[in-house]
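Reading through the structure tokens given below for one structure.
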Amino acid sequence: MFSLGSWLSALLGLAWGWALLDALLQGLVGACAVSVLCSLLKVYLYIQCLNDPERQAEKEAIRTQRRVLESLHVVMLTGVLALVGSRVAALVVLEFSLRAVSTVLSLGKGTHSSQLYLLCQYSLGCGVSCGLSFLLEGAPHRTCNLVLAAGLAGLLAAYTRRLARHVCTLYELHSRARYCGVCILLLAAGHGIPQLLWNALAITFAVADLAAVVLINRDFLSTAEAVRFWMPLTICYTLLVIYMQEETRQSTGRRPVYQTVLVRMGGLFILLLTVGRWTDVLHVLVSLLGELWCLLRAGVMLEACRRQDFGQQSRLDRRLGSRSEETS
């Protein structure tokens with residue numbers, strides 16, 4: 001017969017195993033969401049570059065991205081999201097939401113930032129993970145629900161990756177011949193992909209922000225303890241957003257993107273050294289790796305988005321300049 005100690009150790013080991021499985025499944029769903037985002041944005045950017053004779057080099061760079069890196073990206077991101085705790089993931093989500101709102105408000109009327117779709121990759125994964133933790137907390141069949149969610153997310157990611165490969169391989173031929181239904185649909189409505197992604201991200205981050213606030217506040221035993229955490233966090237995030245807005249205006253190229261990641265994670269690291277736990281500090285370092293991995297993986301598309309945003313802003317400035325001359 002087994003002793004009481006062996007039964008307890010077996011029970012604790014089983015609980016730890018289920019918790020690890022749930023974390024991996026949540027990370028997989030978040031990684032698949034990032035994969036869907038990148039695949040649809042790849043389709044949009046490829047079509048835009050194909051229609052612009054001056055962007056043929058960018059088109060070729062997007063088309064020749066290695067397919068094996070797509071699967072590696074999902075695996076790596078799944079591991080990173082599984083390792084990051086819900087507390088740090090919630091902080092990452094709130095920080096990006098504040099930064100996204102600030103960026104949108106600072107843009108001119110009639111413009112949008114394509115780079116924002118790629119800059120939100122890791123935050124989107126954290127947001128999906130936080131949302132699942134919040135929605136499935138206390139659910140009797142939590143693991144089964146996560147398995148179902150992971151299966152559906154995997155199918156959606158696989159289909160969007162197939163769509164991206166089809167477009168990069170055959171869209172140029174099919175759009176001229178007009179005999180492929182998918183390519184004809186993209187030819188007619190492909191310009192609406194950014195708006196589709198924008199609506200989906202808005203809903204996702206709205207749920208994620210609510211979940212993030214709840215997940216953070218549940219660790220506090222009193223209002224005074226919560227205030228001691230939220231006050232320095234709010235000040236830190238506000239200063240970070242102001243600094244990053246000024247840095248973005250003054251710098252060009254990829255440098256400010258990576259510098260922003262280092263500044264954000266550095267600020268969060270220092271903040272959690274004072275008001276967090278030692279596990280939070282380790283999770284910030286893991287988050288830094290996740291952010292850098294996502295940006296390095298999307299380097300080609302990030303450069304294409306940067307040039308597209310720059311061209312759009314230049315056209316808008318010329319239009320405003322001509323209108324001011326006409327009125328004067």
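Convention: chains lettered A, B, ... in structure tokens order; per-chain residue numbering from 1; ligands numbered from 1 as shown.
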
Pick out the residues sitting within 7 Å of Thr160 of chain A, and hand them over as a short mmCIF file (atom, residue, chain, number, x, y, z; two decimals) with C-alpha atoms, in the first residue's frame; count only C-alpha atoms, and ignore anything fewer than 2 positions along from it in its own chain.
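To be explicit, this is the file written out as result-v9.cif:
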data_model
loop_
_atom_site.label_atom_id
_atom_site.label_comp_id
_atom_site.auth_asym_id
_atom_site.auth_seq_id
_atom_site.Cartn_x
_atom_site.Cartn_y
_atom_site.Cartn_z
CA VAL A 36 -2.55 34.75 -38.25
CA SER A 39 0.22 35.96 -42.46
CA LEU A 40 -2.61 38.36 -43.27
CA LEU A 156 -6.87 29.16 -38.57
CA ALA A 157 -3.11 29.76 -38.47
CA ALA A 158 -2.49 26.92 -40.94
CA ARG A 162 -1.40 28.57 -46.85
CA LEU A 163 -3.12 31.73 -48.10
CA ALA A 164 0.11 33.72 -47.72
#

- request: Would you kindly return, as a ChimeraX atom specification, each protein, DNA or RNA residue with an atom no farther than 10 Å from any atom of segment 271-280 of chain A, considering only C-alpha atoms and excluding same-chain residues fewer than 4 positions away?
  value: /A:84-89,225,228-230,232-233,236,265-267,284-286

Counting only C-alpha atoms, which residues of segment 161-239 of chain A sit at most 8 Å from some atom of segment 131-153 of chain A, and what is each one's closest atom pair with its distance in Å to one decimal, listed by chain and rising residue number, as JSON lines?
{"residue": "A:Val207", "atom": "CA", "partner": "A:Gly131", "partner_atom": "CA", "distance": 6.3}
{"residue": "A:Ala208", "atom": "CA", "partner": "A:Gly131", "partner_atom": "CA", "distance": 5.0}
{"residue": "A:Ala211", "atom": "CA", "partner": "A:Phe134", "partner_atom": "CA", "distance": 5.5}
{"residue": "A:Ala212", "atom": "CA", "partner": "A:Gly131", "partner_atom": "CA", "distance": 7.8}
{"residue": "A:Val214", "atom": "CA", "partner": "A:Phe134", "partner_atom": "CA", "distance": 7.8}
{"residue": "A:Leu215", "atom": "CA", "partner": "A:Phe134", "partner_atom": "CA", "distance": 7.2}

field: Within 8 Å of Gly190 of chain A using only C-alpha atoms, minus same-chain residues under 4 positions, as a ChimeraX atom specification
entry: /A:44,47,185-186

field: Using only C-alpha atoms: which of A:Val43, A:Cys126, A:Leu94, A:Leu69 has the shortest distance to Ser287 of chain A
entry: A:Cys126

Filtered DSSP result for segment 67-248 of chain A, state alpha helix (DSSP H), as number ranges by chain: A: 68-83, 86-106, 115-119, 121-135, 142-177, 181-189, 193-217, 223-248

message: Measuring between only C-alpha atoms, which one of A:Cys120, A:Ile216, A:Leu21, A:Val300 shows the shortest distance to Trp198 of chain A?
response: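 Closest to Trp198 of chain A of all the choices is A:Cys120.
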
message: Restricting the calculation to only C-alpha atoms: of A:Leu201, A:Gly181, A:Arg161, A:Tyr122, which residue gets closest to Glu70 of chain A?
response: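 The closest residue to Glu70 of chain A is A:Arg161.
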
statement: In Å and to one decimal, atom CA of Tyr237 of chain A is distant from atom CA of Arg99 of chain A by 8.6 Å
